[in-house]
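Colleague: Sharing a structure below in structure tokens format, with a few things to ask.
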Amino acid sequence: MPGFRAALPAALLLLLLSSFPPAAAEQPPWPWTPGAMHALNPSDRHASRAAWTALHYSNYHEASPSTLRALRQVLKATVKIIPGLGVKYYLQFTTEGYINGENAGSCLATVLYLKKSPPEVYIKCAHTQDKKQIQEEDNKFYHYLHHQTKPIIANNIPDSHGNIDRAHLPLWGLAIAGSSYIMLEKSTENLGYFMAQVKAVKQRIRKDSAVEFEFIVLLHETPTQKIELCHMHLIWTLSPPLRVKYICTSDNHWLEDGSGQDYGSAAGLFHEKEGNF
Amino acid sequence: MALPPTRDQVLRAVASNEEQIALLRELGEQVDLQVDFWRDPTKPGRPADLRVPFSRLQAVKVFLESHGISYSVMIEDVQHLLDEEKRTMMLSRRMERSANKFNFASYHTLEEIYDWMDTLVADHPNLVSKIQIGESYEKRPLYVLKFSTGGSNRPAVWLDTGIHSREWVTQATGVWTANKLAEDYGHDPTVTSLLDTMDIFFEIVTNPDGFAFTHSSNRLWRKTRSINAGSSCIGVDPNRNWDAGFGDAGSSSNPCSETYHGPYAHSESEVKSIVDFIQSHGNVKGLVSIHSYSQMLMFPYGYKRTPAPDHEELNELAKKAVNDLAAVYGTEYTYGSIADTIYLAAGTTVDWAYENGVKYSYTFELRDTGRYGFLLPSSQIIPTATETWPALLDILVHIQQHPY
């Protein structure tokens, strides 16, 4: 996967986006196979799906609940088929803070959907927040979670009415960051994901400086409209990478026979085992 | 409403060029004028809302007028508005004696919504009546509110919310909107004119079995609750069950799928009841089916990529509606045909309506775009309904002005 702070300057990317077909002289540093390239209507679902794929990558790799972003609007999109490799999207879009909903600046991204592996993403976003402020907020989240003497156990974040307890906001943030890893791996040109709800969460108290959780998260898959249930194990040490292990069930019989409400208390569901990752 | 001249006002100013935007910003920076922006000036054509203390009204209005910046008085009396808001927020979920005291800012159960419908009818007996068009799979009544000022089988518009039960902001928006229609008739010229010439049929809980299930068992239930022969999986996607491209790509033949189209078109009583109603009515000229989430306004086709014969007109109207929606709080919608905008979907409500004589067939996907998704906070119900209202009116007015 291209490094998160990759070499390609954002300006060059912008140039690519603003001149299609791109001028032959502009050659990006990575291998480039000429193929058909065309502009997409920014309203096109493929464009927003690709933008979200890029955001899943960013939201996972930043490992920072206070930097989580959601898509606001796609401004520009082009797509290119790379024969034998996959399909590549070039995007410019605006974002908002996932937790606070405030304008979080615009991003440039490329998303390469491959045939047999997860998408490759390059993304660069404008910084609208003070770096120090971000660190402070993440530290606050981290310390709140790290200084629990009893393991946090919670269900249904948000609840049925879309409400989230202030005390659960850091859990929601962490769940989104971790789920973004799952959603990134599953995303394709034709399948998109959103984290619908944290069904259950249980903390595992650790003696070291890491924060560890087991989650059950519900992912909304489009366009199939399926609700995917995933069991996710997550370790956060404040700085990336976020360590995520997961298993999802595609069998939606789970939700069929009225047992939907009854995932059991998180305590009952998560059996004790040695927490070595 | 004449008030004692002691109150602040909110002015809505619309800059027509960048220079005026700069002037508005300058206005905000003049401390002595005490102007407080409720909505900042962003770009020409978009409204900026400024609260102005009474003592500075004269000076601010002179400033705007002398620079040719058009404005209107949006709120005559801010204090009154704040008091009203406080009053409304203190209302709880008790049995309310009148329909407009219902807590619109909260999600409700099926029973509460059905009870509220009766109070709406009781409060507006000359405008609203309740009819039953059928029964759900589990034998719940399917209720439709009829808005009519008389006439004989006038041209009508069909509105529905909640066909997918987990999309809670839609039923909630339905309640608010039905109330708004009833309240505005006789007061707002547009609504009055609309209802003086057309009837509106509004089904707020289009999938009551699913809705009840989202309350009792699974908040994310989408489909009906019908039993599928030979399968342990329950339910049919009511928005794939219509006879338009039925069974084509964009729907599933697997009963366990969330987009299962059902054993045959109109197999679901929730769907058949609407089909029968619209066909026997014979004069339905518009249909708006409301979903969430994604923030989109769409029209046929969903089951094929071919543009509908009326694509241009439907597209232009969608563009206008979406712009008027965005003007309220800045919420951005995309628009276009279903197939172009969201995905291929076969057997949808709007495709069936369009192919059965209802030219103006639209579907909304309300807030949001994925942060909360189906679990939209109740605090967003009223903003969602409020911003959707002008878009809905655009469609209704267009239908009124383009009889066919």
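Lettering and numbering for the structure tokens are positional, with chains as A, B, ... in the shown order, residues counted from 1 in each chain, and ligands counted from 1 in the shown order.
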Counting only C-alpha atoms, which residues in chain B sit no more than 10 Å from chain A? For each one, give the nearest pair of atoms and the distance in Å, sorted by chain then residue number, as JSON lines.

Modeller:
{"residue": "B:Ser106", "atom": "CA", "partner": "A:His161", "partner_atom": "CA", "distance": 8.0}
{"residue": "B:Tyr107", "atom": "CA", "partner": "A:His161", "partner_atom": "CA", "distance": 6.7}
{"residue": "B:His108", "atom": "CA", "partner": "A:His161", "partner_atom": "CA", "distance": 9.6}
{"residue": "B:Arg166", "atom": "CA", "partner": "A:Ser160", "partner_atom": "CA", "distance": 9.7}
{"residue": "B:Trp168", "atom": "CA", "partner": "A:His161", "partner_atom": "CA", "distance": 8.7}
{"residue": "B:Val169", "atom": "CA", "partner": "A:His161", "partner_atom": "CA", "distance": 9.6}
{"residue": "B:Phe213", "atom": "CA", "partner": "A:Gly258", "partner_atom": "CA", "distance": 8.3}
{"residue": "B:Thr214", "atom": "CA", "partner": "A:Ser160", "partner_atom": "CA", "distance": 8.8}
{"residue": "B:His215", "atom": "CA", "partner": "A:Ser160", "partner_atom": "CA", "distance": 8.3}
{"residue": "B:Ser216", "atom": "CA", "partner": "A:Gln261", "partner_atom": "CA", "distance": 8.1}
{"residue": "B:Ser217", "atom": "CA", "partner": "A:Gln261", "partner_atom": "CA", "distance": 5.0}
{"residue": "B:Asn218", "atom": "CA", "partner": "A:Gly260", "partner_atom": "CA", "distance": 4.9}
{"residue": "B:Arg219", "atom": "CA", "partner": "A:Ser160", "partner_atom": "CA", "distance": 6.4}
{"residue": "B:Leu220", "atom": "CA", "partner": "A:Ile227", "partner_atom": "CA", "distance": 7.8}
{"residue": "B:Trp221", "atom": "CA", "partner": "A:Leu255", "partner_atom": "CA", "distance": 8.3}
{"residue": "B:Arg222", "atom": "CA", "partner": "A:Gln225", "partner_atom": "CA", "distance": 8.7}
{"residue": "B:Arg225", "atom": "CA", "partner": "A:Glu256", "partner_atom": "CA", "distance": 9.8}
{"residue": "B:Ser232", "atom": "CA", "partner": "A:Glu256", "partner_atom": "CA", "distance": 7.8}
{"residue": "B:Cys233", "atom": "CA", "partner": "A:Glu256", "partner_atom": "CA", "distance": 5.8}
{"residue": "B:Ile234", "atom": "CA", "partner": "A:Glu256", "partner_atom": "CA", "distance": 6.3}
{"residue": "B:Gly235", "atom": "CA", "partner": "A:Glu256", "partner_atom": "CA", "distance": 8.9}
{"residue": "B:Gly250", "atom": "CA", "partner": "A:Pro223", "partner_atom": "CA", "distance": 8.5}
{"residue": "B:Ser251", "atom": "CA", "partner": "A:Thr224", "partner_atom": "CA", "distance": 8.6}
{"residue": "B:Ser252", "atom": "CA", "partner": "A:Thr224", "partner_atom": "CA", "distance": 8.9}
{"residue": "B:Cys256", "atom": "CA", "partner": "A:Asn252", "partner_atom": "CA", "distance": 7.1}
{"residue": "B:Ser257", "atom": "CA", "partner": "A:Lys226", "partner_atom": "CA", "distance": 7.3}
{"residue": "B:Glu258", "atom": "CA", "partner": "A:Gln225", "partner_atom": "CA", "distance": 5.8}
{"residue": "B:Thr259", "atom": "CA", "partner": "A:Thr224", "partner_atom": "CA", "distance": 6.7}
{"residue": "B:Tyr260", "atom": "CA", "partner": "A:Thr224", "partner_atom": "CA", "distance": 9.9}
{"residue": "B:Met296", "atom": "CA", "partner": "A:Ser43", "partner_atom": "CA", "distance": 9.2}
{"residue": "B:Thr331", "atom": "CA", "partner": "A:Arg72", "partner_atom": "CA", "distance": 9.3}
{"residue": "B:Glu332", "atom": "CA", "partner": "A:Gln73", "partner_atom": "CA", "distance": 7.4}
{"residue": "B:Tyr333", "atom": "CA", "partner": "A:Ser43", "partner_atom": "CA", "distance": 8.8}
{"residue": "B:Thr334", "atom": "CA", "partner": "A:Ser43", "partner_atom": "CA", "distance": 5.5}
{"residue": "B:Tyr335", "atom": "CA", "partner": "A:Ser43", "partner_atom": "CA", "distance": 7.1}
{"residue": "B:Gly336", "atom": "CA", "partner": "A:Ser43", "partner_atom": "CA", "distance": 8.2}
{"residue": "B:Ala339", "atom": "CA", "partner": "A:Arg45", "partner_atom": "CA", "distance": 9.6}
{"residue": "B:Asp340", "atom": "CA", "partner": "A:Asp44", "partner_atom": "CA", "distance": 6.6}
{"residue": "B:Thr341", "atom": "CA", "partner": "A:Asp44", "partner_atom": "CA", "distance": 5.5}
{"residue": "B:Ile342", "atom": "CA", "partner": "A:Arg45", "partner_atom": "CA", "distance": 5.5}
{"residue": "B:Tyr343", "atom": "CA", "partner": "A:Pro223", "partner_atom": "CA", "distance": 7.0}
{"residue": "B:Leu344", "atom": "CA", "partner": "A:Pro223", "partner_atom": "CA", "distance": 8.9}
{"residue": "B:Ala345", "atom": "CA", "partner": "A:Pro223", "partner_atom": "CA", "distance": 9.1}
{"residue": "B:Asp368", "atom": "CA", "partner": "A:Arg72", "partner_atom": "CA", "distance": 9.7}
{"residue": "B:Thr369", "atom": "CA", "partner": "A:Leu71", "partner_atom": "CA", "distance": 7.4}
{"residue": "B:Gly370", "atom": "CA", "partner": "A:Phe194", "partner_atom": "CA", "distance": 6.0}
{"residue": "B:Arg371", "atom": "CA", "partner": "A:Tyr98", "partner_atom": "CA", "distance": 6.2}
{"residue": "B:Tyr372", "atom": "CA", "partner": "A:Ala196", "partner_atom": "CA", "distance": 6.8}
{"residue": "B:Gly373", "atom": "CA", "partner": "A:Ala196", "partner_atom": "CA", "distance": 6.4}
{"residue": "B:Phe374", "atom": "CA", "partner": "A:Ala196", "partner_atom": "CA", "distance": 7.2}
{"residue": "B:Leu375", "atom": "CA", "partner": "A:Gly162", "partner_atom": "CA", "distance": 4.4}
{"residue": "B:Leu376", "atom": "CA", "partner": "A:Gly162", "partner_atom": "CA", "distance": 4.8}
{"residue": "B:Pro377", "atom": "CA", "partner": "A:Gly162", "partner_atom": "CA", "distance": 3.8}
{"residue": "B:Ser378", "atom": "CA", "partner": "A:His161", "partner_atom": "CA", "distance": 5.8}
{"residue": "B:Ser379", "atom": "CA", "partner": "A:Gly162", "partner_atom": "CA", "distance": 8.7}
{"residue": "B:Gln380", "atom": "CA", "partner": "A:Gly162", "partner_atom": "CA", "distance": 9.4}

Colleague: Would you list the contacts of Gly357 of chain B as a list in words, taking every protein, DNA or RNA residue within 8 Å and counting only C-alpha atoms, but skipping same-chain residues closer than 3 positions in sequence?

Modeller: Val284, Lys285, Ala353 and Tyr354 of chain B

Colleague: If you run DSSP on the backbone, which residues of segment 123-247 of chain B are strand (DSSP E or B), as a list in words?

Modeller: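 So the strand (DSSP E or B) residues in segment 123-247 of chain B would be Val128, Ser129, Lys130, Ile131, Gln132, Ile133, Gly134, Glu135, Pro141, Leu142, Tyr143, Val144, Leu145, Lys146, Phe147, Ala156, Val157, Trp158, Leu159, Asp160, Thr161, Asp199, Ile200, Phe201, Phe202, Glu203, Ile227 and Ile234 of chain B.
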
Colleague: From the list B:Val60, B:Val35, B:Val288, B:Ala385, which residue is nearest Val157 of chain B when using only C-alpha atoms?

Modeller: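 Residue with the minimum atom-to-atom distance to Val157 of chain B: B:Val288.
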
Colleague: If you count only C-alpha atoms, which residues fall within 10 Å of segment 127-129 of chain A, apart from same-chain ones fewer than 2 positions away, as a ChimeraX atom specification?

Modeller: /A:66-67,103-107,124-125,131-134

Colleague: If I take atom CA of Ala48 of chain B and atom CA of Val14 of chain B, how far is one from the other in Å, to one decimal?

Modeller: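 Answer for the atom CA of Ala48 of chain B to atom CA of Val14 of chain B separation: 6.2 Å.
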
Colleague: I'd like the interatomic distance between atom CA of Lys139 of chain B and atom CA of Pro255 of chain B, to a tenth of an Å.

Modeller: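 So the two atoms, atom CA of Lys139 of chain B and atom CA of Pro255 of chain B, lie 21.1 Å apart.
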
Colleague: For Val191 of chain B, work out the shell of residues within 10 Å, counting only C-alpha atoms and skipping chain neighbours fewer than 4 positions away, then give it as a PyMOL selection string.

Modeller: chain B and resi 180-187+195-196+393+396-397

Colleague: Hey, can you check how far atom CA of Val31 of chain B sits from atom CA of Tyr329 of chain B?

Modeller: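 Between atom CA of Val31 of chain B and atom CA of Tyr329 of chain B the gap is 25.9 Å.
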
Colleague: I'd like the neighbourhood of Ser273 of chain B as a tab-separated table (two decimals) with C-alpha atoms, in the first residue's frame, where a residue qualifies if any of its atoms comes within 12 Å (using only C-alpha atoms), though same-chain residues fewer than 5 positions away should be ignored.

Modeller:
chain	number	residue	atom	x	y	z
B	131	ILE	CA	-59.09	6.02	5.33
B	132	GLN	CA	-58.01	2.42	5.55
B	133	ILE	CA	-56.70	1.00	2.30
B	134	GLY	CA	-56.01	-2.51	3.50
B	135	GLU	CA	-54.24	-4.62	6.10
B	136	SER	CA	-50.63	-5.55	6.62
B	137	TYR	CA	-49.44	-9.18	6.66
B	141	PRO	CA	-54.63	-1.52	9.47
B	142	LEU	CA	-52.98	0.45	6.66
B	143	TYR	CA	-54.08	4.02	7.21
B	144	VAL	CA	-53.93	6.89	4.76
B	203	GLU	CA	-49.55	7.09	4.13
B	206	THR	CA	-46.47	2.26	5.01
B	207	ASN	CA	-44.94	-0.84	6.60
B	238	PRO	CA	-41.56	-3.67	-0.37
B	242	TRP	CA	-43.77	-3.55	-7.60
B	266	HIS	CA	-47.58	-7.19	-5.51
B	267	SER	CA	-47.38	-10.30	-3.33
B	268	GLU	CA	-47.19	-8.01	-0.30
B	278	ILE	CA	-54.09	4.35	-6.94
B	279	GLN	CA	-55.59	2.40	-9.83
B	280	SER	CA	-59.15	2.67	-8.60

Colleague: Any idea what's packed within 8 Å of Ala54 of chain A, counting only C-alpha atoms, ignoring anything in its chain fewer than 4 positions away? Could you give it as an MDAnalysis selection string?

Modeller: chainID A and resid 50 58 109:111 121:123

Colleague: Kindly export the residues of the current selection with C-alpha atoms, as a compact mmCIF listing (two decimals), in the first residue's frame.

Modeller:
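Final output, out10.txt:
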# COMPACT_ATOMS: atom_id res chain seq x y z
CA ALA A 50 -14.76 5.59 -3.72
CA SER A 58 -7.74 7.53 6.45
CA ALA A 109 -7.55 10.95 -3.06
CA THR A 110 -6.95 8.12 -5.43
CA VAL A 111 -8.54 4.75 -4.90
CA VAL A 121 -5.61 4.32 -1.35
CA TYR A 122 -3.71 7.57 -1.42
CA ILE A 123 -5.36 10.42 0.43

Colleague: Near Ile113 of chain B, counting only C-alpha atoms, which residues have an atom at most 10 Å away, once you skip same-chain residues fewer than 3 positions from it, shown as an MDAnalysis selection string?

Modeller: chainID B and resid 102 107:110 116:119 171:172 175 204:205
